[in-house]
file input_36.cif (mmCIF, C-alpha atoms)
data_run
loop_
_atom_site.group_PDB
_atom_site.id
_atom_site.type_symbol
_atom_site.label_atom_id
_atom_site.label_comp_id
_atom_site.auth_asym_id
_atom_site.auth_seq_id
_atom_site.Cartn_x
_atom_site.Cartn_y
_atom_site.Cartn_z
ATOM 1 C CA MET S 297 -57.803 -16.590 -0.181
ATOM 2 C CA ALA S 298 -55.833 -14.897 -2.893
ATOM 3 C CA GLN S 299 -56.593 -11.547 -1.335
ATOM 4 C CA ALA S 300 -55.361 -12.828 2.063
ATOM 5 C CA VAL S 301 -52.080 -13.995 0.545
ATOM 6 C CA GLN S 302 -51.656 -10.638 -1.185
ATOM 7 C CA THR S 303 -52.276 -8.870 2.108
ATOM 8 C CA THR S 304 -49.635 -11.017 3.817
ATOM 9 C CA ILE S 305 -47.113 -10.226 1.111
ATOM 10 C CA ASP S 306 -47.851 -6.528 1.313
ATOM 11 C CA ALA S 307 -47.497 -6.604 5.079
ATOM 12 C CA GLY S 308 -44.073 -8.276 4.832
ATOM 13 C CA ALA S 309 -42.841 -6.136 2.010
ATOM 14 C CA VAL S 310 -40.270 -3.424 2.561
ATOM 15 C CA PRO S 311 -41.968 -0.028 2.391
ATOM 16 C CA PRO S 312 -40.813 2.136 -0.498
ATOM 17 C CA VAL S 313 -37.883 4.373 0.347
ATOM 18 C CA GLU S 314 -38.706 8.013 -0.036
ATOM 19 C CA ALA S 315 -35.186 9.312 -0.191
ATOM 20 C CA PRO S 316 -33.625 9.300 -3.660
ATOM 21 C CA VAL S 317 -31.224 6.447 -4.125
ATOM 22 C CA ALA S 318 -28.033 7.045 -6.067
ATOM 23 C CA PRO S 319 -28.147 4.973 -9.227
ATOM 24 C CA LEU S 320 -25.781 2.034 -9.288
ATOM 25 C CA ILE S 321 -23.620 2.639 -12.310
ATOM 26 C CA LEU S 322 -22.403 -0.606 -13.795
ATOM 27 C CA GLU S 323 -19.880 0.028 -16.515
ATOM 28 C CA HIS S 324 -20.210 -3.449 -17.892
ATOM 29 C CA PRO S 325 -23.060 -5.894 -18.416
ATOM 30 C CA HIS S 326 -23.806 -8.436 -15.696
ATOM 31 C CA THR S 327 -21.495 -11.427 -15.943
ATOM 32 C CA SER S 328 -21.458 -14.715 -14.059
ATOM 33 C CA THR S 329 -18.060 -13.883 -12.556
ATOM 34 C CA GLY S 330 -18.995 -10.323 -11.671
ATOM 35 C CA LEU S 331 -15.905 -9.218 -13.559
ATOM 36 C CA ASP S 332 -15.699 -7.231 -16.736
ATOM 37 C CA SER S 333 -15.376 -9.706 -19.595
ATOM 38 C CA ARG S 334 -13.140 -7.361 -21.585
ATOM 39 C CA LYS S 335 -10.558 -7.229 -18.831
ATOM 40 C CA LEU S 336 -10.777 -10.971 -18.210
ATOM 41 C CA LEU S 337 -10.329 -11.552 -21.933
ATOM 42 C CA MET S 338 -7.202 -9.403 -21.956
ATOM 43 C CA TRP S 339 -5.729 -11.373 -19.051
ATOM 44 C CA ALA S 340 -6.573 -14.630 -20.868
ATOM 45 C CA PHE S 341 -4.883 -13.271 -23.998
ATOM 46 C CA LEU S 342 -1.818 -12.282 -21.991
ATOM 47 C CA ALA S 343 -1.714 -15.772 -20.477
ATOM 48 C CA SER S 344 -1.754 -17.279 -23.979
ATOM 49 C CA ASP S 345 0.904 -14.790 -25.074
ATOM 50 C CA CYS S 346 3.032 -15.989 -22.138
ATOM 51 C CA MET S 347 2.948 -19.468 -23.655
ATOM 52 C CA PHE S 348 3.746 -18.031 -27.088
ATOM 53 C CA PHE S 349 6.798 -16.141 -25.865
ATOM 54 C CA GLY S 350 7.668 -19.088 -23.605
ATOM 55 C CA THR S 351 8.114 -21.332 -26.638
ATOM 56 C CA LEU S 352 10.144 -18.698 -28.491
ATOM 57 C CA ILE S 353 12.415 -18.122 -25.479
ATOM 58 C CA ALA S 354 12.754 -21.891 -24.977
ATOM 59 C CA THR S 355 13.726 -22.329 -28.628
ATOM 60 C CA TYR S 356 16.367 -19.603 -28.333
ATOM 61 C CA MET S 357 17.769 -21.121 -25.125
ATOM 62 C CA VAL S 358 17.826 -24.636 -26.563
ATOM 63 C CA TYR S 359 19.723 -23.573 -29.683
ATOM 64 C CA LYS S 360 22.005 -21.201 -27.832
ATOM 65 C CA ASN S 361 25.691 -22.020 -28.425
ATOM 66 C CA ARG S 362 24.794 -24.547 -31.118
ATOM 67 C CA SER S 363 25.577 -22.351 -34.081
ATOM 68 C CA ILE S 364 28.355 -23.798 -36.171
ATOM 69 C CA VAL S 365 29.132 -20.714 -38.215
ATOM 70 C CA PRO S 366 29.594 -17.136 -36.950
ATOM 71 C CA PRO S 367 28.516 -14.545 -36.035
ATOM 72 C CA LEU S 368 27.905 -15.663 -32.458
ATOM 73 C CA PRO S 369 26.041 -13.760 -29.701
ATOM 74 C CA ARG S 370 29.096 -12.524 -27.778
ATOM 75 C CA GLU S 371 30.648 -10.927 -30.827
ATOM 76 C CA THR S 372 27.354 -9.442 -31.959
ATOM 77 C CA PHE S 373 25.581 -7.868 -28.983
ATOM 78 C CA ASP S 374 26.122 -4.306 -27.840
ATOM 79 C CA VAL S 375 24.857 -4.592 -24.271
ATOM 80 C CA PRO S 376 25.255 -0.899 -23.262
ATOM 81 C CA TYR S 377 23.189 0.103 -26.295
ATOM 82 C CA THR S 378 20.461 -2.453 -25.556
ATOM 83 C CA SER S 379 20.475 -1.371 -21.904
ATOM 84 C CA VAL S 380 19.352 2.078 -23.033
ATOM 85 C CA SER S 381 16.513 0.452 -24.996
ATOM 86 C CA ALA S 382 15.547 -1.495 -21.871
ATOM 87 C CA PHE S 383 15.476 1.767 -19.886
ATOM 88 C CA VAL S 384 13.296 3.390 -22.538
ATOM 89 C CA LEU S 385 10.758 0.574 -22.422
ATOM 90 C CA LEU S 386 10.816 0.604 -18.627
ATOM 91 C CA LEU S 387 10.173 4.338 -18.626
ATOM 92 C CA SER S 388 7.260 3.833 -21.012
ATOM 93 C CA SER S 389 5.651 1.507 -18.468
ATOM 94 C CA LEU S 390 5.798 4.334 -15.935
ATOM 95 C CA THR S 391 4.236 6.854 -18.328
ATOM 96 C CA MET S 392 1.541 4.301 -19.195
ATOM 97 C CA VAL S 393 0.502 3.787 -15.603
ATOM 98 C CA LEU S 394 0.534 7.561 -15.061
ATOM 99 C CA ALA S 395 -1.819 7.902 -18.043
ATOM 100 C CA LEU S 396 -4.198 5.443 -16.416
ATOM 101 C CA ALA S 397 -4.019 7.269 -13.083
ATOM 102 C CA ALA S 398 -4.737 10.531 -14.916
ATOM 103 C CA ILE S 399 -7.881 9.330 -16.689
ATOM 104 C CA GLN S 400 -9.134 7.608 -13.560
ATOM 105 C CA GLY S 401 -8.756 10.981 -11.868
ATOM 106 C CA GLY S 402 -10.643 12.707 -14.683
ATOM 107 C CA GLN S 403 -7.570 14.526 -16.010
ATOM 108 C CA GLU S 404 -8.004 13.919 -19.726
ATOM 109 C CA ARG S 405 -5.375 16.384 -20.932
ATOM 110 C CA ARG S 406 -2.769 14.868 -18.640
ATOM 111 C CA MET S 407 -3.815 11.412 -19.826
ATOM 112 C CA ARG S 408 -3.231 12.442 -23.433
ATOM 113 C CA ILE S 409 0.235 13.729 -22.564
ATOM 114 C CA TRP S 410 1.252 10.526 -20.787
ATOM 115 C CA LEU S 411 -0.250 8.306 -23.486
ATOM 116 C CA SER S 412 1.571 10.269 -26.182
ATOM 117 C CA ALA S 413 4.799 9.993 -24.188
ATOM 118 C CA THR S 414 4.295 6.230 -23.914
ATOM 119 C CA ALA S 415 3.718 5.890 -27.662
ATOM 120 C CA LEU S 416 6.761 8.082 -28.334
ATOM 121 C CA LEU S 417 8.968 5.972 -26.072
ATOM 122 C CA GLY S 418 7.648 2.894 -27.855
ATOM 123 C CA CYS S 419 8.708 4.475 -31.155
ATOM 124 C CA VAL S 420 12.157 5.188 -29.711
ATOM 125 C CA PHE S 421 12.448 1.542 -28.692
ATOM 126 C CA LEU S 422 11.366 0.409 -32.161
ATOM 127 C CA GLY S 423 13.858 2.789 -33.767
ATOM 128 C CA GLY S 424 16.587 1.356 -31.561
ATOM 129 C CA GLN S 425 15.622 -2.157 -32.497
ATOM 130 C CA PHE S 426 15.606 -1.268 -36.186
ATOM 131 C CA TYR S 427 19.094 0.213 -35.852
ATOM 132 C CA GLU S 428 20.272 -2.891 -33.976
ATOM 133 C CA PHE S 429 18.827 -5.220 -36.607
ATOM 134 C CA THR S 430 20.425 -3.312 -39.483
ATOM 135 C CA THR S 431 23.783 -3.300 -37.653
ATOM 136 C CA PHE S 432 23.574 -7.054 -37.155
ATOM 137 C CA TYR S 433 22.638 -7.485 -40.808
ATOM 138 C CA ARG S 434 25.708 -5.520 -41.879
ATOM 139 C CA ASP S 435 27.794 -7.765 -39.602
ATOM 140 C CA GLY S 436 26.507 -10.808 -41.444
ATOM 141 C CA LEU S 437 23.803 -11.959 -39.041
ATOM 142 C CA THR S 438 20.548 -12.680 -40.858
ATOM 143 C CA LEU S 439 17.478 -14.778 -40.236
ATOM 144 C CA SER S 440 19.053 -17.627 -42.176
ATOM 145 C CA SER S 441 22.768 -17.241 -41.406
ATOM 146 C CA ASN S 442 22.814 -19.652 -38.435
ATOM 147 C CA LEU S 443 20.712 -21.006 -35.526
ATOM 148 C CA PHE S 444 21.476 -17.940 -33.442
ATOM 149 C CA GLY S 445 20.247 -15.608 -36.187
ATOM 150 C CA SER S 446 17.040 -17.589 -36.759
ATOM 151 C CA THR S 447 16.043 -17.840 -33.103
ATOM 152 C CA PHE S 448 17.210 -14.340 -32.167
ATOM 153 C CA PHE S 449 15.400 -12.512 -34.964
ATOM 154 C CA THR S 450 12.235 -14.590 -34.493
ATOM 155 C CA LEU S 451 12.093 -13.876 -30.764
ATOM 156 C CA THR S 452 12.998 -10.187 -30.800
ATOM 157 C CA GLY S 453 11.091 -9.610 -34.044
ATOM 158 C CA PHE S 454 7.869 -10.904 -32.544
ATOM 159 C CA HIS S 455 8.455 -8.745 -29.487
ATOM 160 C CA GLY S 456 9.019 -5.734 -31.735
ATOM 161 C CA THR S 457 5.773 -6.540 -33.533
ATOM 162 C CA HIS S 458 3.993 -6.481 -30.182
ATOM 163 C CA VAL S 459 5.530 -3.080 -29.437
ATOM 164 C CA PHE S 460 4.432 -1.811 -32.843
ATOM 165 C CA ILE S 461 0.837 -2.962 -32.229
ATOM 166 C CA GLY S 462 0.990 -1.316 -28.808
ATOM 167 C CA VAL S 463 2.160 1.997 -30.275
ATOM 168 C CA PHE S 464 -0.683 1.866 -32.807
ATOM 169 C CA TRP S 465 -3.178 1.077 -30.038
ATOM 170 C CA LEU S 466 -1.959 3.926 -27.812
ATOM 171 C CA SER S 467 -2.021 6.357 -30.733
ATOM 172 C CA SER S 468 -5.622 5.393 -31.485
ATOM 173 C CA LEU S 469 -6.523 6.041 -27.837
ATOM 174 C CA VAL S 470 -4.955 9.499 -28.045
ATOM 175 C CA ALA S 471 -6.900 10.162 -31.249
ATOM 176 C CA GLN S 472 -10.127 8.980 -29.590
ATOM 177 C CA SER S 473 -9.454 11.318 -26.690
ATOM 178 C CA PHE S 474 -8.907 14.290 -29.009
ATOM 179 C CA ARG S 475 -12.238 13.471 -30.663
ATOM 180 C CA GLY S 476 -13.895 13.574 -27.241
ATOM 181 C CA ARG S 477 -14.698 9.878 -27.151
ATOM 182 C CA LEU S 478 -12.499 8.883 -24.227
ATOM 183 C CA HIS S 479 -13.570 10.093 -20.821
ATOM 184 C CA GLN S 480 -13.168 9.082 -17.206
ATOM 185 C CA ARG S 481 -15.989 6.551 -17.491
ATOM 186 C CA ASP S 482 -14.094 4.862 -20.336
ATOM 187 C CA SER S 483 -10.926 4.394 -18.298
ATOM 188 C CA LEU S 484 -11.196 0.628 -18.697
ATOM 189 C CA TRP S 485 -10.051 0.960 -22.318
ATOM 190 C CA VAL S 486 -6.893 2.696 -21.152
ATOM 191 C CA GLU S 487 -6.444 0.087 -18.427
ATOM 192 C CA ILE S 488 -6.705 -2.776 -20.941
ATOM 193 C CA ALA S 489 -4.240 -1.090 -23.318
ATOM 194 C CA GLY S 490 -1.989 -0.560 -20.300
ATOM 195 C CA LEU S 491 -2.108 -4.259 -19.412
ATOM 196 C CA TYR S 492 -0.937 -5.079 -22.928
ATOM 197 C CA TRP S 493 1.809 -2.475 -22.782
ATOM 198 C CA HIS S 494 3.120 -3.611 -19.399
ATOM 199 C CA PHE S 495 3.128 -7.179 -20.674
ATOM 200 C CA VAL S 496 5.332 -6.110 -23.573
ATOM 201 C CA ASP S 497 7.643 -4.550 -20.974
ATOM 202 C CA ILE S 498 7.851 -7.656 -18.773
ATOM 203 C CA VAL S 499 8.586 -9.817 -21.804
ATOM 204 C CA TRP S 500 11.487 -7.502 -22.603
ATOM 205 C CA ILE S 501 12.728 -7.837 -19.009
ATOM 206 C CA LEU S 502 13.044 -11.580 -19.649
ATOM 207 C CA ILE S 503 14.475 -11.257 -23.172
ATOM 208 C CA PHE S 504 17.053 -8.690 -22.075
ATOM 209 C CA THR S 505 18.207 -10.963 -19.261
ATOM 210 C CA LEU S 506 18.086 -14.348 -20.970
ATOM 211 C CA VAL S 507 19.314 -13.301 -24.406
ATOM 212 C CA TYR S 508 21.649 -10.369 -23.801
ATOM 213 C CA LEU S 509 22.973 -10.573 -20.247
ATOM 214 C CA ILE S 510 23.348 -14.254 -19.441
ATOM 215 C CA PRO S 511 26.735 -15.294 -20.804
ATOM 216 C CA ASP S 512 27.219 -18.139 -23.282
ATOM 217 C CA MET T 579 -8.754 -6.635 -2.118
ATOM 218 C CA THR T 580 -6.442 -4.556 -0.061
ATOM 219 C CA HIS T 581 -7.236 -1.237 1.506
ATOM 220 C CA ASP T 582 -3.852 0.219 2.266
ATOM 221 C CA ALA T 583 -3.907 3.315 4.388
ATOM 222 C CA GLY T 584 -2.859 6.409 2.558
ATOM 223 C CA LEU T 585 -3.782 5.071 -0.841
ATOM 224 C CA PRO T 586 -6.728 6.459 -2.736
ATOM 225 C CA THR T 587 -9.657 4.171 -3.328
ATOM 226 C CA HIS T 588 -12.048 4.374 -6.212
ATOM 227 C CA ASP T 589 -14.637 2.251 -7.908
ATOM 228 C CA SER T 590 -13.219 -0.484 -9.992
ATOM 229 C CA HIS T 591 -15.003 -1.930 -12.956
ATOM 230 C CA GLN T 592 -16.149 -4.806 -10.865
ATOM 231 C CA GLY T 593 -18.280 -2.556 -8.725
ATOM 232 C CA VAL T 594 -16.078 -2.980 -5.666
ATOM 233 C CA GLU T 595 -13.563 -0.663 -4.120
ATOM 234 C CA HIS T 596 -9.870 -1.339 -4.089
ATOM 235 C CA ALA T 597 -6.743 0.685 -3.598
ATOM 236 C CA HIS T 598 -4.362 1.667 -6.355
ATOM 237 C CA PRO T 599 -1.014 3.309 -5.728
ATOM 238 C CA THR T 600 -0.694 7.055 -6.186
ATOM 239 C CA PRO T 601 1.327 8.567 -9.083
ATOM 240 C CA LYS T 602 4.065 9.307 -6.565
ATOM 241 C CA THR T 603 4.218 5.630 -5.639
ATOM 242 C CA TYR T 604 4.285 4.685 -9.323
ATOM 243 C CA ALA T 605 7.253 7.020 -9.831
ATOM 244 C CA LEU T 606 9.008 5.508 -6.811
ATOM 245 C CA ILE T 607 8.460 2.013 -8.203
ATOM 246 C CA GLY T 608 9.828 3.230 -11.538
ATOM 247 C CA LEU T 609 12.944 4.493 -9.777
ATOM 248 C CA VAL T 610 13.445 1.149 -8.051
ATOM 249 C CA LEU T 611 12.993 -0.644 -11.389
ATOM 250 C CA ALA T 612 15.602 1.614 -12.982
ATOM 251 C CA ILE T 613 18.038 0.934 -10.124
ATOM 252 C CA ILE T 614 17.500 -2.826 -10.502
ATOM 253 C CA THR T 615 18.168 -2.532 -14.250
ATOM 254 C CA MET T 616 21.385 -0.643 -13.550
ATOM 255 C CA ALA T 617 22.358 -3.300 -11.016
ATOM 256 C CA LYS T 618 21.792 -5.996 -13.635
ATOM 257 C CA VAL T 619 23.937 -4.262 -16.230
ATOM 258 C CA SER T 620 26.714 -3.517 -13.735
ATOM 259 C CA ALA T 621 26.632 -7.148 -12.538
ATOM 260 C CA TYR T 622 27.051 -8.200 -16.163
ATOM 261 C CA THR T 623 30.211 -6.111 -16.457
ATOM 262 C CA GLN T 624 31.824 -7.450 -13.244
ATOM 263 C CA GLN T 625 34.150 -10.342 -14.003
ATOM 264 C CA SER T 626 34.558 -11.193 -10.306
ATOM 265 C CA ILE T 627 30.963 -12.382 -9.898
ATOM 266 C CA ARG T 628 30.780 -14.451 -13.095
ATOM 267 C CA PRO T 629 30.186 -17.734 -11.225
ATOM 268 C CA ILE T 630 27.052 -16.375 -9.552
ATOM 269 C CA LEU T 631 25.996 -14.020 -12.334
ATOM 270 C CA VAL T 632 23.123 -16.156 -13.644
ATOM 271 C CA PRO T 633 21.337 -16.525 -10.262
ATOM 272 C CA ILE T 634 21.808 -12.805 -9.564
ATOM 273 C CA LEU T 635 20.341 -11.828 -12.939
ATOM 274 C CA LEU T 636 17.419 -14.240 -12.583
ATOM 275 C CA VAL T 637 16.545 -13.005 -9.082
ATOM 276 C CA LEU T 638 16.745 -9.336 -10.113
ATOM 277 C CA SER T 639 14.638 -10.021 -13.206
ATOM 278 C CA ALA T 640 12.060 -11.870 -11.108
ATOM 279 C CA CYS T 641 11.887 -8.838 -8.781
ATOM 280 C CA LYS T 642 11.309 -6.500 -11.727
ATOM 281 C CA PHE T 643 8.735 -8.838 -13.214
ATOM 282 C CA ALA T 644 6.831 -9.075 -9.921
ATOM 283 C CA MET T 645 6.905 -5.308 -9.380
ATOM 284 C CA VAL T 646 5.551 -4.490 -12.845
ATOM 285 C CA VAL T 647 2.870 -7.186 -12.725
ATOM 286 C CA GLY T 648 1.891 -6.471 -9.121
ATOM 287 C CA ALA T 649 1.949 -2.676 -9.076
ATOM 288 C CA TYR T 650 1.716 -1.398 -12.657
ATOM 289 C CA MET T 651 -0.678 -4.098 -13.886
ATOM 290 C CA HIS T 652 -2.548 -3.935 -10.551
ATOM 291 C CA LEU T 653 -2.588 -7.688 -10.178
ATOM 292 C CA ARG T 654 -1.846 -7.267 -6.481
ATOM 293 C CA PHE T 655 -4.985 -5.225 -6.018
ATOM 294 C CA ASP T 656 -7.314 -6.867 -8.529
ATOM 295 C CA HIS T 657 -9.585 -9.890 -8.407
ATOM 296 C CA PRO T 658 -7.758 -13.187 -7.736
ATOM 297 C CA LEU T 659 -9.252 -14.691 -10.894
ATOM 298 C CA PHE T 660 -7.007 -12.457 -13.010
ATOM 299 C CA LEU T 661 -4.000 -13.741 -11.082
ATOM 300 C CA ALA T 662 -5.158 -17.325 -11.585
ATOM 301 C CA VAL T 663 -5.646 -16.899 -15.334
ATOM 302 C CA PHE T 664 -2.312 -15.143 -15.863
ATOM 303 C CA GLY T 665 -0.507 -17.412 -13.412
ATOM 304 C CA PHE T 666 -1.684 -20.458 -15.333
ATOM 305 C CA GLY T 667 -0.249 -19.140 -18.598
ATOM 306 C CA LEU T 668 2.960 -18.146 -16.865
ATOM 307 C CA ALA T 669 3.304 -21.567 -15.218
ATOM 308 C CA VAL T 670 2.789 -23.349 -18.547
ATOM 309 C CA ALA T 671 5.363 -21.088 -20.218
ATOM 310 C CA GLY T 672 7.880 -21.650 -17.419
ATOM 311 C CA SER T 673 7.309 -25.404 -17.546
ATOM 312 C CA VAL T 674 7.800 -25.482 -21.323
ATOM 313 C CA ILE T 675 11.088 -23.558 -21.075
ATOM 314 C CA THR T 676 12.404 -25.757 -18.260
ATOM 315 C CA ALA T 677 11.286 -29.024 -19.875
ATOM 316 C CA LEU T 678 12.771 -28.184 -23.265
ATOM 317 C CA MET T 679 16.066 -27.120 -21.733
ATOM 318 C CA PHE T 680 16.329 -30.413 -19.861
ATOM 319 C CA LEU T 681 15.252 -32.405 -22.926
ATOM 320 C CA PHE T 682 17.838 -30.783 -25.167
ATOM 321 C CA GLY T 683 20.643 -30.994 -22.643
ATOM 322 C CA GLN T 684 21.081 -27.380 -21.625
ATOM 323 C CA TYR T 685 20.875 -28.617 -18.024
ATOM 324 C CA PRO T 686 22.874 -31.855 -17.736
ATOM 325 C CA LEU T 687 20.933 -34.527 -15.862
ATOM 326 C CA PRO T 688 22.859 -36.707 -13.385
ATOM 327 C CA HIS T 689 23.699 -40.183 -14.670
ATOM 328 C CA HIS T 690 22.945 -43.076 -12.331
ATOM 329 C CA GLY T 691 24.613 -46.494 -12.453
#

call {"tool": "encode", "arguments": {"input": "input_36.cif", "output": "structure tokens"}}
result
Amino acid sequence: MAQAVQTTIDAGAVPPVEAPVAPLILEHPHTSTGLDSRKLLMWAFLASDCMFFGTLIATYMVYKNRSIVPPLPRETFDVPYTSVSAFVLLLSSLTMVLALAAIQGGQERRMRIWLSATALLGCVFLGGQFYEFTTFYRDGLTLSSNLFGSTFFTLTGFHGTHVFIGVFWLSSLVAQSFRGRLHQRDSLWVEIAGLYWHFVDIVWILIFTLVYLIPD
Amino acid sequence: MTHDAGLPTHDSHQGVEHAHPTPKTYALIGLVLAIITMAKVSAYTQQSIRPILVPILLVLSACKFAMVVGAYMHLRFDHPLFLAVFGFGLAVAGSVITALMFLFGQYPLPHHG
């Protein structure tokens, strides 16, 4: 009986394929969603960071125009100067996505160039922010001078911290690439770093508009 | 997943194919983003449109936000779960900002009776 069942199974089985089958390369372990957990984790982190920046932006907006003592936003901001910073960060988003396209196309040298350019633009943005902060400090605006100072420095300071972490992350990717540890098959690491970097850019889009451009 | 004609397709990390824009398209999007930024700054300097400045700035910012998230972060081409996860966080953040601004009187509520 057992032999008969075995025969039936054998008869219904698919004959072995002679032709070589290309191996299915899975770059991540099997997950219940079918998605790479690292990328999903980054999106979940970005979602939580949205809430984090949401509360900081809300706090700034709520306390806007409620400072009793100067300096006030209108007499403090240098919008043309900050516009250049916004352009720099926007340009860094472009170089970041070009770095990703380069490594996905197997162009590692080009990827290193674009990643380095992104990190450099991030440094330029940070330098600009440092200059802006020191100028404000000289004008009498500190973290504790009034409500505007407290909410402004907290919001933009946390954003600057994100940029700093991003620059460090991008620099480490460039270093990994120079050591020969970042290849086309590892492009997901660049993609995840890119997601973080673009998020930093979109947060600045909101901060630039809500804090600097919208009048009192 | 979209398969736009003229766009290169390659394996994603999910084992499925989807289209990403080409570097040329990325550069074009970057140009549009730069133009929108210039439009925002020039709108800020125009005294004649002060009454409608806030809506203009918000709409232009929303356009920039959508372009970066959709094209540069590939959310338009990626799995819908990523959009759901990020959209949830974004919706909570937006709700918190709106609720707090109403609660603390930045938007005056109409008085009845």

call {"tool": "residues_around", "arguments": {"input": "input_36.cif", "residues": "S:Phe444", "least_positions_apart": "4", "cutoff": "8 Å", "atoms": "all atoms listed in the file", "output": "ChimeraX atom specification"}}
result
/S:356,359-363,368-369,448

call {"tool": "resolve_selection", "arguments": {"input": "input_36.cif", "expression": "the PyMOL selection byres ((chain T and resi 609) around 12)", "output": "list in words"}}
result
Phe383, Leu386, Leu387, Ser389 and Leu390 of chain S; Lys602, Thr603, Tyr604, Ala605, Leu606, Ile607, Gly608, Val610, Leu611, Ala612, Ile613, Ile614, Thr615, Met616, Lys642 and Met645 of chain T

call {"tool": "resolve_selection", "arguments": {"input": "input_36.cif", "expression": "the PyMOL selection byres ((chain T) within 6 of (chain S))", "output": "PyMOL selection string"}}
result
chain T and resi 592+643+651+664+667-668+671+675+679

call {"tool": "residues_around", "arguments": {"input": "input_36.cif", "residues": "S:Ala489", "least_positions_apart": "3", "cutoff": "8 Å", "atoms": "only C-alpha atoms", "output": "MDAnalysis selection string"}}
result
chainID S and resid 462 465:466 485:486 492:493

call {"tool": "write_last_selection", "arguments": {"input": "input_36.cif", "atoms": "C-alpha atoms", "output": "PDB file, in the coordinates of the input"}}
result
ATOM      1  CA  GLY S 462       0.990  -1.316 -28.808  1.00  0.00           C
ATOM      2  CA  TRP S 465      -3.178   1.077 -30.038  1.00  0.00           C
ATOM      3  CA  LEU S 466      -1.959   3.926 -27.812  1.00  0.00           C
ATOM      4  CA  TRP S 485     -10.051   0.960 -22.318  1.00  0.00           C
ATOM      5  CA  VAL S 486      -6.893   2.696 -21.152  1.00  0.00           C
ATOM      6  CA  TYR S 492      -0.937  -5.079 -22.928  1.00  0.00           C
ATOM      7  CA  TRP S 493       1.809  -2.475 -22.782  1.00  0.00           C
TER       8      TRP S 493
END

call {"tool": "atom_distance", "arguments": {"input": "input_36.cif", "atom1": "atom CA of S:Phe454", "atom2": "atom CA of S:Phe421"}}
result
13.8 Å

call {"tool": "closest_residue", "arguments": {"input": "input_36.cif", "among": "S:Gln403, S:Ser441, S:Thr452, S:Thr414", "to": "S:Gln480", "atoms": "all atoms listed in the file"}}
result
S:Gln403

call {"tool": "atom_distance", "arguments": {"input": "input_36.cif", "atom1": "atom CA of S:Phe464", "atom2": "atom CA of S:Ser440"}}
result
29.3 Å

call {"tool": "resolve_selection", "arguments": {"input": "input_36.cif", "expression": "the PyMOL selection byres ((chain S and resi 425-438) around 10)", "output": "PyMOL selection string"}}
result
chain S and resi 366-369+371-374+377-378+381+419-424+439-446+448-449+452-453+456

call {"tool": "closest_residue", "arguments": {"input": "input_36.cif", "among": "S:Val365, S:Leu385, S:Ile399, S:Leu411", "to": "S:Ala471", "atoms": "all atoms listed in the file"}}
result
S:Leu411

call {"tool": "atom_distance", "arguments": {"input": "input_36.cif", "atom1": "atom CA of S:Val470", "atom2": "atom CA of T:Val647"}}
result
24.0 Å

call {"tool": "closest_residue", "arguments": {"input": "input_36.cif", "among": "T:Pro599, T:Pro633, T:Ser620, T:Phe680", "to": "T:Gly648", "atoms": "all atoms listed in the file"}}
result
T:Pro599

call {"tool": "closest_residue", "arguments": {"input": "input_36.cif", "among": "S:Ser333, S:Met407, S:Ala415, S:His455", "to": "S:Ser473", "atoms": "all atoms listed in the file"}}
result
S:Met407

call {"tool": "decode", "arguments": {"input": "input_36.cif", "residues": "stretch 604-614 of chain T", "atoms": "N, CA and C atoms", "output": "CSV table (one decimal), in the first residue's frame"}}
result
chain,number,residue,atom,x,y,z
T,604,TYR,N,15.7,62.9,-12.0
T,604,TYR,CA,16.0,63.4,-10.6
T,604,TYR,C,16.5,64.9,-10.7
T,605,ALA,N,17.4,65.1,-11.7
T,605,ALA,CA,17.9,66.5,-11.9
T,605,ALA,C,16.8,67.5,-12.2
T,606,LEU,N,15.9,67.0,-13.1
T,606,LEU,CA,14.7,67.8,-13.5
T,606,LEU,C,13.8,68.1,-12.3
T,607,ILE,N,13.6,67.1,-11.4
T,607,ILE,CA,12.8,67.3,-10.2
T,607,ILE,C,13.5,68.3,-9.3
T,608,GLY,N,14.9,68.2,-9.2
T,608,GLY,CA,15.7,69.1,-8.4
T,608,GLY,C,15.5,70.6,-8.9
T,609,LEU,N,15.5,70.7,-10.2
T,609,LEU,CA,15.3,72.0,-10.8
T,609,LEU,C,13.9,72.6,-10.5
T,610,VAL,N,12.9,71.8,-10.6
T,610,VAL,CA,11.5,72.2,-10.2
T,610,VAL,C,11.5,72.6,-8.7
T,611,LEU,N,12.1,71.8,-7.9
T,611,LEU,CA,12.2,72.1,-6.4
T,611,LEU,C,12.8,73.5,-6.2
T,612,ALA,N,13.9,73.7,-6.9
T,612,ALA,CA,14.6,75.0,-6.8
T,612,ALA,C,13.8,76.2,-7.2
T,613,ILE,N,13.0,76.0,-8.3
T,613,ILE,CA,12.1,77.0,-8.8
T,613,ILE,C,11.0,77.3,-7.8
T,614,ILE,N,10.5,76.2,-7.2
T,614,ILE,CA,9.4,76.4,-6.2
T,614,ILE,C,10.0,77.2,-5.0
